[in-house]
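Participant: Provided herewith: work26.tsv, TSV, C-alpha atoms.
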chain	number	residue	atom	x	y	z
A	1	MET	CA	-26.88	-31.58	15.45
A	2	GLN	CA	-25.42	-30.17	12.23
A	3	HIS	CA	-22.27	-28.07	12.32
A	4	ARG	CA	-23.32	-24.58	11.21
A	5	ILE	CA	-21.07	-22.90	8.64
A	6	ILE	CA	-21.93	-19.35	7.58
A	7	VAL	CA	-20.21	-17.72	4.62
A	8	LEU	CA	-20.53	-13.92	4.48
A	9	GLY	CA	-20.42	-12.50	0.96
A	10	ALA	CA	-20.97	-14.23	-2.38
A	11	GLY	CA	-18.34	-12.62	-4.55
A	12	TYR	CA	-15.71	-14.80	-6.16
A	13	THR	CA	-14.20	-15.98	-2.89
A	14	GLY	CA	-17.36	-16.47	-0.83
A	15	ALA	CA	-19.23	-18.34	-3.54
A	16	ILE	CA	-16.22	-20.56	-4.25
A	17	ALA	CA	-15.72	-21.33	-0.57
A	18	ALA	CA	-19.39	-22.25	-0.05
A	19	GLY	CA	-19.44	-24.53	-3.10
A	20	ARG	CA	-16.17	-26.21	-2.20
A	21	LEU	CA	-17.38	-26.88	1.35
A	22	ALA	CA	-20.56	-28.42	-0.05
A	23	LYS	CA	-18.39	-30.73	-2.13
A	24	ARG	CA	-16.14	-31.69	0.75
A	25	LEU	CA	-18.64	-32.34	3.56
A	26	ARG	CA	-21.70	-34.55	4.00
A	27	ARG	CA	-25.01	-32.70	3.93
A	28	GLU	CA	-26.26	-34.63	6.93
A	29	ASP	CA	-23.42	-33.25	9.03
A	30	VAL	CA	-23.25	-29.58	8.07
A	31	ALA	CA	-25.60	-26.68	7.40
A	32	ILE	CA	-23.94	-24.22	4.99
A	33	THR	CA	-25.54	-20.78	4.70
A	34	LEU	CA	-24.33	-18.21	2.17
A	35	VAL	CA	-25.33	-14.64	3.08
A	36	ASN	CA	-25.37	-12.03	0.33
A	37	ALA	CA	-27.23	-8.78	-0.29
A	38	GLU	CA	-27.85	-9.41	-4.01
A	39	PRO	CA	-29.60	-12.41	-5.62
A	40	ASP	CA	-27.12	-12.94	-8.44
A	41	PHE	CA	-23.39	-13.15	-8.91
A	42	VAL	CA	-21.52	-9.97	-9.86
A	43	GLU	CA	-18.50	-10.40	-12.15
A	44	ARG	CA	-16.50	-7.67	-10.53
A	45	VAL	CA	-13.61	-8.04	-12.96
A	46	ARG	CA	-15.98	-6.91	-15.73
A	47	MET	CA	-17.37	-3.75	-14.12
A	48	HIS	CA	-15.42	-1.57	-16.55
A	49	GLN	CA	-17.24	-3.35	-19.39
A	50	LEU	CA	-20.60	-2.75	-17.74
A	51	ALA	CA	-19.78	0.93	-17.26
A	52	ALA	CA	-18.79	1.24	-20.93
A	53	GLY	CA	-22.23	0.06	-22.05
A	54	GLN	CA	-21.88	-3.70	-22.40
A	55	ASP	CA	-24.48	-6.07	-20.95
A	56	LEU	CA	-23.34	-8.95	-18.75
A	57	LYS	CA	-24.87	-12.37	-18.38
A	58	SER	CA	-27.21	-12.84	-15.43
A	59	ARG	CA	-26.06	-15.54	-12.98
A	60	PRO	CA	-28.74	-16.11	-10.28
A	61	PHE	CA	-27.52	-17.78	-7.09
A	62	SER	CA	-30.77	-19.75	-6.93
A	63	GLU	CA	-29.65	-21.59	-10.05
A	64	MET	CA	-25.98	-21.79	-9.15
A	65	PHE	CA	-26.53	-23.48	-5.82
A	66	ALA	CA	-29.62	-25.53	-6.68
A	67	GLY	CA	-29.15	-29.06	-5.39
A	68	THR	CA	-25.86	-28.35	-3.61
A	69	GLY	CA	-27.23	-28.15	-0.08
A	70	VAL	CA	-26.07	-24.53	0.27
A	71	GLU	CA	-28.81	-22.28	1.65
A	72	LEU	CA	-28.80	-18.76	0.24
A	73	ARG	CA	-29.88	-16.00	2.62
A	74	LEU	CA	-30.51	-12.68	0.88
A	75	ALA	CA	-29.52	-10.15	3.50
A	76	LYS	CA	-27.10	-7.38	4.34
A	77	VAL	CA	-24.58	-8.03	7.09
A	78	THR	CA	-24.54	-5.26	9.69
A	79	GLY	CA	-22.29	-6.76	12.34
A	80	VAL	CA	-20.43	-9.79	13.65
A	81	ASP	CA	-20.09	-10.80	17.30
A	82	VAL	CA	-17.18	-13.22	17.39
A	83	ASP	CA	-17.56	-13.84	21.12
A	84	ARG	CA	-21.23	-14.84	20.89
A	85	LYS	CA	-20.61	-16.36	17.43
A	86	THR	CA	-23.49	-14.55	15.77
A	87	VAL	CA	-23.97	-12.43	12.66
A	88	ALA	CA	-26.40	-9.51	12.60
A	89	VAL	CA	-28.32	-9.14	9.33
A	90	VAL	CA	-31.13	-7.09	7.83
A	91	ASP	CA	-33.22	-7.75	4.75
A	92	ALA	CA	-33.37	-5.54	1.69
A	93	ASN	CA	-35.89	-3.27	3.41
A	94	GLY	CA	-33.73	-2.82	6.49
A	95	ALA	CA	-35.85	-5.05	8.71
A	96	GLY	CA	-34.23	-7.56	11.03
A	97	LEU	CA	-34.37	-11.15	9.83
A	98	ILE	CA	-35.77	-13.88	12.03
A	99	ALA	CA	-33.60	-16.99	11.83
A	100	PRO	CA	-35.00	-20.27	13.20
A	101	GLY	CA	-33.24	-21.02	16.46
A	102	SER	CA	-31.67	-17.57	16.65
A	103	GLY	CA	-32.56	-14.18	18.00
A	104	ALA	CA	-34.22	-11.56	15.86
A	105	GLY	CA	-31.88	-10.42	13.14
A	106	GLU	CA	-29.16	-12.88	14.11
A	107	LEU	CA	-27.62	-15.97	12.54
A	108	ALA	CA	-25.62	-18.27	14.79
A	109	TYR	CA	-22.57	-20.11	13.53
A	110	ASP	CA	-20.03	-22.71	14.57
A	111	THR	CA	-17.61	-21.76	11.78
A	112	LEU	CA	-17.62	-18.43	9.98
A	113	VAL	CA	-16.08	-17.63	6.59
A	114	TYR	CA	-15.71	-13.87	6.23
A	115	ALA	CA	-15.69	-12.90	2.54
A	116	LEU	CA	-17.23	-9.43	2.50
A	117	GLY	CA	-14.46	-8.15	0.27
A	118	SER	CA	-13.79	-4.50	-0.47
A	119	GLY	CA	-15.16	-1.37	-2.10
A	120	TRP	CA	-13.68	1.73	-3.66
A	121	ASN	CA	-11.24	3.83	-1.69
A	122	ALA	CA	-11.68	7.61	-1.91
A	123	GLN	CA	-8.31	8.03	-0.14
A	124	GLY	CA	-9.74	11.00	1.76
A	125	VAL	CA	-9.34	13.27	-1.27
A	126	PRO	CA	-11.76	16.23	-1.04
A	127	GLY	CA	-14.69	16.13	-3.45
A	128	THR	CA	-14.19	12.49	-4.45
A	129	ALA	CA	-17.28	11.13	-2.72
A	130	GLU	CA	-19.43	13.95	-4.12
A	131	HIS	CA	-18.18	14.15	-7.70
A	132	ALA	CA	-16.26	11.01	-8.71
A	133	TYR	CA	-17.63	7.74	-10.05
A	134	GLU	CA	-16.46	4.29	-8.98
A	135	ILE	CA	-16.53	0.88	-10.67
A	136	ALA	CA	-15.73	-1.34	-7.69
A	137	SER	CA	-19.42	-2.27	-7.45
A	138	ARG	CA	-22.29	-2.92	-9.82
A	139	PRO	CA	-24.34	0.08	-8.63
A	140	GLY	CA	-21.29	2.27	-9.17
A	141	ALA	CA	-20.66	0.87	-12.65
A	142	LEU	CA	-24.29	1.35	-13.62
A	143	ARG	CA	-24.25	4.92	-12.34
A	144	LEU	CA	-21.18	5.66	-14.46
A	145	ARG	CA	-22.75	3.90	-17.44
A	146	GLU	CA	-25.77	6.18	-17.26
A	147	ARG	CA	-23.58	9.28	-16.94
A	148	LEU	CA	-21.36	8.35	-19.88
A	149	ALA	CA	-24.41	7.77	-22.04
A	150	ARG	CA	-25.41	11.41	-21.50
A	151	LEU	CA	-22.04	12.89	-22.48
A	152	ASP	CA	-21.80	14.79	-25.71
A	153	ALA	CA	-18.98	14.29	-28.20
A	154	GLY	CA	-15.78	16.07	-27.23
A	155	GLN	CA	-16.38	16.03	-23.49
A	156	THR	CA	-13.59	14.81	-21.24
A	157	VAL	CA	-13.46	11.72	-19.04
A	158	VAL	CA	-10.55	11.49	-16.59
A	159	VAL	CA	-9.70	8.18	-14.94
A	160	VAL	CA	-7.67	8.66	-11.77
A	161	GLY	CA	-5.42	5.73	-10.86
A	162	GLY	CA	-2.83	3.96	-12.98
A	163	GLY	CA	-3.25	0.43	-11.61
A	164	LEU	CA	-4.87	-2.52	-13.35
A	165	THR	CA	-8.41	-1.23	-12.82
A	166	GLY	CA	-7.50	2.22	-14.11
A	167	LEU	CA	-5.84	0.86	-17.24
A	168	GLU	CA	-8.80	-1.37	-18.04
A	169	ALA	CA	-11.38	1.35	-17.40
A	170	THR	CA	-9.54	3.95	-19.48
A	171	THR	CA	-9.07	1.74	-22.54
A	172	GLU	CA	-12.59	0.29	-22.35
A	173	ILE	CA	-14.21	3.73	-22.26
A	174	ALA	CA	-11.93	5.09	-24.99
A	175	GLU	CA	-12.70	2.16	-27.29
A	176	ALA	CA	-16.45	2.28	-26.65
A	177	ARG	CA	-16.66	6.09	-26.97
A	178	PRO	CA	-14.06	7.31	-29.47
A	179	ASP	CA	-15.96	10.60	-29.64
A	180	LEU	CA	-14.93	11.47	-26.08
A	181	ASP	CA	-11.61	12.88	-24.87
A	182	VAL	CA	-10.39	10.20	-22.44
A	183	ALA	CA	-7.44	10.79	-20.11
A	184	LEU	CA	-5.62	8.89	-17.38
A	185	ALA	CA	-4.02	10.54	-14.33
A	186	ALA	CA	-1.39	8.31	-12.71
A	187	ARG	CA	0.69	8.97	-9.62
A	188	GLY	CA	3.64	7.16	-11.22
A	189	GLY	CA	4.69	6.45	-14.78
A	190	LEU	CA	2.32	4.65	-17.14
A	191	GLY	CA	2.57	0.96	-16.28
A	192	ASP	CA	5.83	1.56	-14.45
A	193	TRP	CA	5.64	-1.84	-12.71
A	194	LEU	CA	5.55	-3.68	-16.07
A	195	SER	CA	8.49	-5.01	-18.05
A	196	PRO	CA	9.94	-2.80	-20.82
A	197	LYS	CA	7.99	-4.78	-23.44
A	198	GLY	CA	4.82	-4.45	-21.40
A	199	ARG	CA	5.22	-0.69	-21.02
A	200	GLU	CA	5.95	-0.32	-24.71
A	201	HIS	CA	2.79	-2.18	-25.70
A	202	LEU	CA	0.71	-0.22	-23.21
A	203	ARG	CA	1.86	3.09	-24.68
A	204	LYS	CA	1.18	1.80	-28.18
A	205	VAL	CA	-2.42	0.92	-27.31
A	206	PHE	CA	-3.01	4.19	-25.46
A	207	GLY	CA	-1.69	6.10	-28.44
A	208	LYS	CA	-3.88	4.17	-30.86
A	209	LEU	CA	-6.96	4.94	-28.75
A	210	GLY	CA	-6.03	8.62	-28.42
A	211	ILE	CA	-5.82	8.51	-24.63
A	212	ILE	CA	-4.08	11.46	-22.96
A	213	VAL	CA	-1.77	10.36	-20.13
A	214	HIS	CA	-0.92	12.60	-17.16
A	215	GLU	CA	2.01	10.85	-15.48
A	216	HIS	CA	3.51	11.51	-12.03
A	217	VAL	CA	0.42	13.44	-11.04
A	218	ALA	CA	-1.05	13.50	-7.53
A	219	VAL	CA	-4.74	14.38	-7.57
A	220	THR	CA	-5.60	16.50	-4.52
A	221	GLY	CA	-9.23	17.34	-5.19
A	222	VAL	CA	-12.20	16.56	-7.38
A	223	GLU	CA	-14.75	19.10	-8.54
A	224	ALA	CA	-17.79	18.77	-10.77
A	225	ASP	CA	-15.88	19.69	-13.91
A	226	ARG	CA	-12.19	19.18	-13.11
A	227	VAL	CA	-9.59	17.52	-10.90
A	228	ALA	CA	-6.96	19.50	-9.02
A	229	THR	CA	-3.36	18.32	-8.79
A	230	ALA	CA	-0.58	18.82	-6.27
A	231	ASP	CA	1.35	21.09	-8.64
A	232	GLY	CA	-1.53	23.56	-8.70
A	233	LYS	CA	-2.87	22.61	-12.10
A	234	ALA	CA	-6.38	21.54	-13.04
A	235	ILE	CA	-7.37	18.83	-15.51
A	236	PRO	CA	-10.79	19.39	-17.14
A	237	ALA	CA	-13.18	16.51	-16.47
A	238	ALA	CA	-16.86	16.31	-17.28
A	239	VAL	CA	-16.66	12.90	-15.60
A	240	THR	CA	-14.05	11.68	-13.11
A	241	VAL	CA	-13.63	7.94	-12.57
A	242	TRP	CA	-11.83	7.02	-9.34
A	243	THR	CA	-9.76	3.80	-9.39
A	244	THR	CA	-6.99	4.37	-6.84
A	245	GLY	CA	-7.33	1.11	-4.94
A	246	PHE	CA	-9.75	-0.65	-2.63
A	247	ALA	CA	-10.83	-0.41	1.01
A	248	VAL	CA	-12.16	-3.38	2.97
A	249	HIS	CA	-15.56	-3.41	4.61
A	250	SER	CA	-15.55	-1.78	8.04
A	251	ILE	CA	-17.38	-4.60	9.85
A	252	ALA	CA	-14.31	-6.66	10.77
A	253	LYS	CA	-12.57	-3.68	12.32
A	254	ALA	CA	-15.54	-3.22	14.67
A	255	THR	CA	-15.17	-6.76	16.06
A	256	ALA	CA	-12.73	-8.35	18.52
A	257	LEU	CA	-10.89	-9.99	15.61
A	258	GLU	CA	-7.22	-9.13	15.18
A	259	VAL	CA	-7.06	-6.87	12.13
A	260	THR	CA	-4.50	-4.68	10.41
A	261	GLY	CA	-4.65	-0.91	10.37
A	262	THR	CA	-6.61	-1.12	7.12
A	263	GLY	CA	-9.19	-3.48	8.64
A	264	GLN	CA	-8.04	-6.73	7.03
A	265	ILE	CA	-8.33	-9.82	9.21
A	266	VAL	CA	-4.96	-11.32	10.16
A	267	VAL	CA	-4.91	-15.02	9.24
A	268	ASP	CA	-2.50	-17.94	9.24
A	269	GLY	CA	-1.57	-20.07	6.24
A	270	THR	CA	-4.94	-21.84	6.29
A	271	MET	CA	-6.87	-18.53	6.23
A	272	ARG	CA	-7.85	-18.99	9.88
A	273	SER	CA	-8.04	-15.94	12.13
A	274	VAL	CA	-5.01	-15.81	14.43
A	275	SER	CA	-7.22	-14.52	17.25
A	276	HIS	CA	-10.48	-16.48	16.78
A	277	PRO	CA	-10.10	-20.07	15.49
A	278	ASP	CA	-13.76	-20.35	14.49
A	279	VAL	CA	-13.37	-17.55	11.92
A	280	TYR	CA	-11.73	-17.80	8.50
A	281	ALA	CA	-11.19	-14.84	6.16
A	282	VAL	CA	-10.66	-14.99	2.40
A	283	GLY	CA	-10.09	-12.61	-0.49
A	284	ASP	CA	-9.65	-8.88	0.00
A	285	ALA	CA	-10.88	-9.13	3.61
A	286	ALA	CA	-7.82	-11.16	4.67
A	287	MET	CA	-4.22	-10.12	5.29
A	288	VAL	CA	-2.46	-13.04	3.63
A	289	MET	CA	1.30	-13.31	3.37
A	290	GLY	CA	2.57	-14.68	0.07
A	291	PRO	CA	5.98	-15.54	-1.37
A	292	GLY	CA	8.83	-13.37	-0.15
A	293	ASP	CA	6.78	-12.62	2.98
A	294	LYS	CA	4.86	-9.99	1.00
A	295	PRO	CA	1.13	-9.39	1.49
A	296	LEU	CA	-1.00	-10.58	-1.40
A	297	ARG	CA	-2.56	-7.74	-3.38
A	298	MET	CA	-6.33	-7.36	-3.51
A	299	SER	CA	-7.36	-9.21	-6.65
A	300	CYS	CA	-9.31	-12.15	-7.99
A	301	ALA	CA	-5.99	-13.88	-8.64
A	302	SER	CA	-5.18	-13.68	-4.92
A	303	GLY	CA	-8.67	-14.32	-3.61
A	304	THR	CA	-9.57	-17.53	-5.42
A	305	PRO	CA	-6.75	-19.65	-3.95
A	306	THR	CA	-7.48	-18.29	-0.47
A	307	ALA	CA	-11.05	-19.56	-0.84
A	308	TRP	CA	-9.77	-23.00	-1.84
A	309	GLN	CA	-7.37	-23.00	1.09
A	310	ALA	CA	-9.98	-21.99	3.65
A	311	ALA	CA	-12.61	-24.48	2.48
A	312	ASP	CA	-10.12	-27.35	2.43
A	313	ALA	CA	-8.77	-26.40	5.87
A	314	ILE	CA	-12.25	-26.25	7.39
A	315	ALA	CA	-13.15	-29.62	5.89
A	316	ALA	CA	-9.87	-31.14	7.09
A	317	ARG	CA	-10.29	-29.90	10.64
A	318	LEU	CA	-13.89	-31.12	10.84
A	319	THR	CA	-13.17	-34.56	9.41
A	320	GLY	CA	-9.67	-35.28	10.66
A	321	GLY	CA	-8.06	-34.96	7.24
A	322	ASN	CA	-4.73	-33.41	6.26
A	323	LEU	CA	-4.49	-29.64	6.29
A	324	PRO	CA	-3.75	-28.02	2.91
A	325	ASN	CA	-0.25	-26.67	2.49
A	326	ALA	CA	-0.24	-25.50	-1.12
A	327	PRO	CA	1.65	-22.20	-1.45
A	328	ILE	CA	-0.24	-19.24	-2.91
A	329	ARG	CA	1.77	-17.60	-5.67
A	330	TYR	CA	1.38	-15.47	-8.78
A	331	PHE	CA	1.96	-16.42	-12.40
A	332	ASN	CA	0.82	-13.43	-14.46
A	333	GLN	CA	-1.12	-10.20	-14.51
A	334	CYS	CA	-3.94	-10.22	-17.07
A	335	ILE	CA	-4.97	-6.80	-18.37
A	336	SER	CA	-7.74	-6.16	-20.88
A	337	LEU	CA	-7.15	-3.08	-23.03
A	338	GLY	CA	-10.56	-2.86	-24.64
A	339	ARG	CA	-12.21	-5.77	-26.43
A	340	LYS	CA	-9.53	-6.19	-29.10
A	341	GLU	CA	-6.29	-5.70	-27.18
A	342	GLY	CA	-4.73	-7.14	-24.07
A	343	LEU	CA	-1.53	-7.51	-22.11
A	344	ILE	CA	-0.44	-10.57	-20.18
A	345	GLN	CA	2.54	-9.70	-18.02
A	346	TYR	CA	4.27	-12.79	-16.64
A	347	VAL	CA	5.58	-12.38	-13.11
A	348	THR	CA	7.61	-14.07	-10.41
A	349	ALA	CA	5.94	-15.92	-7.53
A	350	ASP	CA	5.91	-12.67	-5.52
A	351	ASP	CA	4.37	-10.66	-8.37
A	352	ARG	CA	7.42	-8.93	-9.90
A	353	ALA	CA	7.41	-8.49	-13.67
A	354	VAL	CA	9.74	-10.59	-15.82
A	355	GLN	CA	10.63	-9.92	-19.45
A	356	ALA	CA	8.03	-12.29	-20.96
A	357	VAL	CA	4.71	-10.80	-22.10
A	358	LEU	CA	1.83	-11.72	-24.36
A	359	THR	CA	0.21	-8.87	-26.26
A	360	GLY	CA	-2.38	-8.01	-28.89
A	361	ARG	CA	-5.50	-9.93	-29.85
A	362	LEU	CA	-4.14	-13.19	-28.46
A	363	ALA	CA	-3.70	-11.56	-25.07
A	364	ALA	CA	-7.27	-10.24	-25.25
A	365	VAL	CA	-8.53	-13.78	-25.90
A	366	TYR	CA	-6.38	-15.08	-23.04
A	367	LYS	CA	-7.82	-12.52	-20.62
A	368	GLU	CA	-11.36	-13.31	-21.77
A	369	LEU	CA	-10.79	-17.01	-21.13
A	370	VAL	CA	-9.46	-16.20	-17.65
A	371	CYS	CA	-12.59	-14.16	-16.87
A	372	LYS	CA	-14.88	-16.87	-18.20
A	373	GLY	CA	-12.97	-19.52	-16.28
A	374	ALA	CA	-13.28	-17.56	-13.04
A	375	ALA	CA	-17.03	-17.11	-13.56
A	376	TRP	CA	-17.44	-20.79	-14.46
A	377	GLY	CA	-15.65	-21.80	-11.26
A	378	VAL	CA	-18.09	-19.70	-9.23
A	379	THR	CA	-21.27	-20.57	-11.09
A	380	ASN	CA	-20.55	-24.30	-11.08
A	381	PRO	CA	-19.53	-24.54	-7.43
A	382	THR	CA	-19.51	-28.31	-7.04
A	383	LEU	CA	-18.34	-29.34	-10.51
A	384	GLY	CA	-14.74	-30.00	-11.41
A	385	LEU	CA	-13.91	-31.47	-8.01
A	386	PRO	CA	-13.76	-35.16	-7.12
A	387	ALA	CA	-16.45	-36.30	-4.71
A	388	ARG	CA	-14.72	-36.38	-1.34
A	389	ARG	CA	-17.58	-35.81	1.06
A	390	ARG	CA	-16.38	-36.99	4.44
A	391	ARG	CA	-18.21	-37.43	7.69
A	392	VAL	CA	-17.77	-34.72	10.30
A	393	THR	CA	-16.34	-36.04	13.55
A	394	ARG	CA	-18.61	-34.49	16.11
A	395	GLU	CA	-15.91	-34.38	18.78
A	396	ARG	CA	-13.73	-32.43	16.35
A	397	ALA	CA	-16.58	-30.09	15.44
A	398	ALA	CA	-17.23	-29.32	19.08
A	399	ALA	CA	-13.56	-28.91	19.88
A	400	GLY	CA	-13.11	-26.54	16.98
A	401	SER	CA	-15.48	-24.10	18.64
A	402	ALA	CA	-13.52	-23.97	21.87
A	403	VAL	CA	-9.89	-24.81	21.25
A	404	LYS	CA	-7.44	-23.24	18.81
A	405	ALA	CA	-6.17	-26.14	16.72
A	406	GLN	CA	-2.66	-26.01	15.38
A	407	ALA	CA	-2.33	-24.62	11.85
Mind converting the file's structure to structure tokens?
Facilitator:
Amino acid sequence: MQHRIIVLGAGYTGAIAAGRLAKRLRREDVAITLVNAEPDFVERVRMHQLAAGQDLKSRPFSEMFAGTGVELRLAKVTGVDVDRKTVAVVDANGAGLIAPGSGAGELAYDTLVYALGSGWNAQGVPGTAEHAYEIASRPGALRLRERLARLDAGQTVVVVGGGLTGLEATTEIAEARPDLDVALAARGGLGDWLSPKGREHLRKVFGKLGIIVHEHVAVTGVEADRVATADGKAIPAAVTVWTTGFAVHSIAKATALEVTGTGQIVVDGTMRSVSHPDVYAVGDAAMVMGPGDKPLRMSCASGTPTAWQAADAIAARLTGGNLPNAPIRYFNQCISLGRKEGLIQYVTADDRAVQAVLTGRLAAVYKELVCKGAAWGVTNPTLGLPARRRRVTRERAAAGSAVKAQA
């Protein structure tokens, strides 16, 4: 009987994990199922480009995983029962799916890779859900795109959140629509985590694009035509874009898995759940400790190596190989500032800025290559790796479902 591996979510981390598992394990021994609600890959790191009016290349999963042995199941995950080792799913119309050998609307697994990721985080600020736009998802980016297209010259767009997503969204919109008044509202100083050279370049680009910056501002409410701040002021906003961080999917928190207060699954160094050894979590869904015993931030840069680690650990445990022990660390933060400008901030292993930066057009090219490389790694899931398909030891596969192996 084949060992059943189910991967939930086909973002960067889920798609990479599924493809890497297909490369590591013999098809005769495993059945790998990738569950995702959409039929094509979403380049989440480019949602600010989509919102600003640019068209992105279509990347159908049916083409990506053709011939790999990975079965794609188009469905929405509604629940996970880690005691019964089943996943509840519904199709696009909300009807329960019938899986061969399973109950109605259920998929049974021997090993689960949880990669459902995260969405936007309204932070509980009044009016955000009703009036603000998000770009953490493709539907959100498309909704904002349509709204921006209807704005008249001179109207104001306010981006709330001074992190990487906020910087990229603000500059992309300002470059694409120079006729609009674009502003950024940041709780801290503009790019205050960057090096002095990085902050200087950021201010230069913002000035060139005519972006108004509201620094050290706490937004306390969002209305249809303005945002309210903690100091009692109001910033006019025909459109408010909310980019103040991410929140993980609520499914894990509803299970018996050990999770953090924010709902991230607590894992060991191999991305294995510390409470349920048959479950692995990758990307934003996992609480992963990095260098300096600091949690990794939610990002593609963090998620991709966790997917590699989980896939290699699963393959090793099933085949009797050596567990991966490569440390996960940071090298740089890549920020696009429109299509013609960029900022590459080099960092320490634990993500603290150093003096070295790369700026200007060269940095924009660098960031574009990083984005293309990330997409290539996902859309060519079994290329670029040596063929190391190993036979699953059935005794190990069975034991893995009942006994917590040592990490």
Participant: With all atoms listed in the file as the atoms that count, which of A:Phe41, A:Tyr114, A:Tyr109, A:Phe206 lies nearest to Arg272 of chain A?
Facilitator: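 The closest residue to Arg272 of chain A is A:Tyr114.
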Participant: In file coordinates, which residues lie within 8 Å of (-9.5, -12.7, -3.5) using all atoms listed in the file, given as a JSON list (two decimals) with C-alpha atoms, in the frame of the given file?
Facilitator:
[["chain", "number", "residue", "atom", "x", "y", "z"],
["A", 12, "TYR", "CA", -15.71, -14.80, -6.16],
["A", 13, "THR", "CA", -14.20, -15.98, -2.89],
["A", 117, "GLY", "CA", -14.46, -8.15, 0.27],
["A", 282, "VAL", "CA", -10.66, -14.99, 2.40],
["A", 283, "GLY", "CA", -10.09, -12.61, -0.49],
["A", 284, "ASP", "CA", -9.65, -8.88, 0.00],
["A", 298, "MET", "CA", -6.33, -7.36, -3.51],
["A", 299, "SER", "CA", -7.36, -9.21, -6.65],
["A", 300, "CYS", "CA", -9.31, -12.15, -7.99],
["A", 301, "ALA", "CA", -5.99, -13.88, -8.64],
["A", 302, "SER", "CA", -5.18, -13.68, -4.92],
["A", 303, "GLY", "CA", -8.67, -14.32, -3.61],
["A", 304, "THR", "CA", -9.57, -17.53, -5.42],
["A", 305, "PRO", "CA", -6.75, -19.65, -3.95],
["A", 306, "THR", "CA", -7.48, -18.29, -0.47],
["A", 307, "ALA", "CA", -11.05, -19.56, -0.84]]
Participant: Quick one: distance from atom CA of Ala224 of chain A to atom CA of Ala122 of chain A in Å, one decimal?
Facilitator: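 Atom-to-atom, atom CA of Ala224 of chain A and atom CA of Ala122 of chain A are spaced 15.5 Å apart.
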Participant: What does the structure give for the distance between atom CA of Glu200 of chain A and atom CA of Gln333 of chain A, in Å to one decimal?
Facilitator: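 Pair atom CA of Glu200 of chain A / atom CA of Gln333 of chain A returns 15.9 Å.
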Participant: Atom CA of Glu43 of chain A to atom CA of Thr86 of chain A: how many Å, to one decimal?
Facilitator: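 Going from atom CA of Glu43 of chain A over to atom CA of Thr86 of chain A covers 28.7 Å.
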Participant: Quick one: residues within 10 Å of Val82 of chain A, only C-alpha atoms, excluding same-chain residues fewer than 4 positions away - as a PyMOL selection string?
Facilitator: chain A and resi 86-87+109+112+252+255-257+276+278-279
Participant: Include C-alpha atoms and write out the residues we just selected as a compact mmCIF listing (two decimals), in the frame of the given file.
Facilitator:
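What landed in again37.txt:
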# COMPACT_ATOMS: atom_id res chain seq x y z
CA THR A 86 -23.49 -14.55 15.77
CA VAL A 87 -23.97 -12.43 12.66
CA TYR A 109 -22.57 -20.11 13.53
CA LEU A 112 -17.62 -18.43 9.98
CA ALA A 252 -14.31 -6.66 10.77
CA THR A 255 -15.17 -6.76 16.06
CA ALA A 256 -12.73 -8.35 18.52
CA LEU A 257 -10.89 -9.99 15.61
CA HIS A 276 -10.48 -16.48 16.78
CA ASP A 278 -13.76 -20.35 14.49
CA VAL A 279 -13.37 -17.55 11.92
Participant: How would you write as a list in words the residues that get within 8 Å of (-6.7, 0.2, -11.8) in the file's frame, counting all atoms listed in the file?
Facilitator: Gly161, Gly162, Gly163, Leu164, Thr165, Gly166, Leu167, Glu168, Ala169, Thr243, Thr244 and Gly245 of chain A
Participant: Produce a file of the selected residues containing C-alpha atoms, as a PDB file, in the coordinates of the input.
Facilitator:
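The file below, result_31.pdb, is the result:
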ATOM      1  CA  GLY A 161      -5.420   5.730 -10.860  1.00  0.00           C
ATOM      2  CA  GLY A 162      -2.830   3.960 -12.980  1.00  0.00           C
ATOM      3  CA  GLY A 163      -3.250   0.430 -11.610  1.00  0.00           C
ATOM      4  CA  LEU A 164      -4.870  -2.520 -13.350  1.00  0.00           C
ATOM      5  CA  THR A 165      -8.410  -1.230 -12.820  1.00  0.00           C
ATOM      6  CA  GLY A 166      -7.500   2.220 -14.110  1.00  0.00           C
ATOM      7  CA  LEU A 167      -5.840   0.860 -17.240  1.00  0.00           C
ATOM      8  CA  GLU A 168      -8.800  -1.370 -18.040  1.00  0.00           C
ATOM      9  CA  ALA A 169     -11.380   1.350 -17.400  1.00  0.00           C
ATOM     10  CA  THR A 243      -9.760   3.800  -9.390  1.00  0.00           C
ATOM     11  CA  THR A 244      -6.990   4.370  -6.840  1.00  0.00           C
ATOM     12  CA  GLY A 245      -7.330   1.110  -4.940  1.00  0.00           C
TER      13      GLY A 245
END
Participant: Do you know which residues are at most 12 Å from Val370 of chain A counting all atoms listed in the file, after dropping those on the same chain fewer than 3 positions away, and could you put them as a list of chain:residue names?
Facilitator: A:Val45, A:Arg46, A:Cys300, A:Ala301, A:Asn332, A:Gln333, A:Cys334, A:Ile335, A:Ser336, A:Ile344, A:Ala363, A:Ala364, A:Val365, A:Tyr366, A:Lys367, A:Gly373, A:Ala374, A:Ala375, A:Trp376, A:Gly377
Participant: Please determine, counting only C-alpha atoms, which residue among A:Met64, A:Ala52, A:Ala37, A:Val227 has the shortest atom-to-atom distance to Asn380 of chain A.
Facilitator: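 Of all the options, A:Met64 lies closest to Asn380 of chain A.
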Participant: Give the answer as one residue: which of A:Thr319, A:Thr111, A:Thr359, A:Thr33 has the shortest atom-to-atom distance to Ala10 of chain A, using only C-alpha atoms?
Facilitator: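 Smallest distance to Ala10 of chain A is found for A:Thr33.
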Participant: With all atoms listed in the file as the basis for distance, which of A:Val241, A:Leu337, A:Val392, A:Ala285 is at the shortest distance from Thr260 of chain A?
Facilitator: A:Ala285
Participant: Would you list the contacts of Lys294 of chain A as a ChimeraX atom specification, taking every protein, DNA or RNA residue within 10 Å and counting only C-alpha atoms, but skipping same-chain residues closer than 6 positions in sequence?
Facilitator: /A:288,350-351
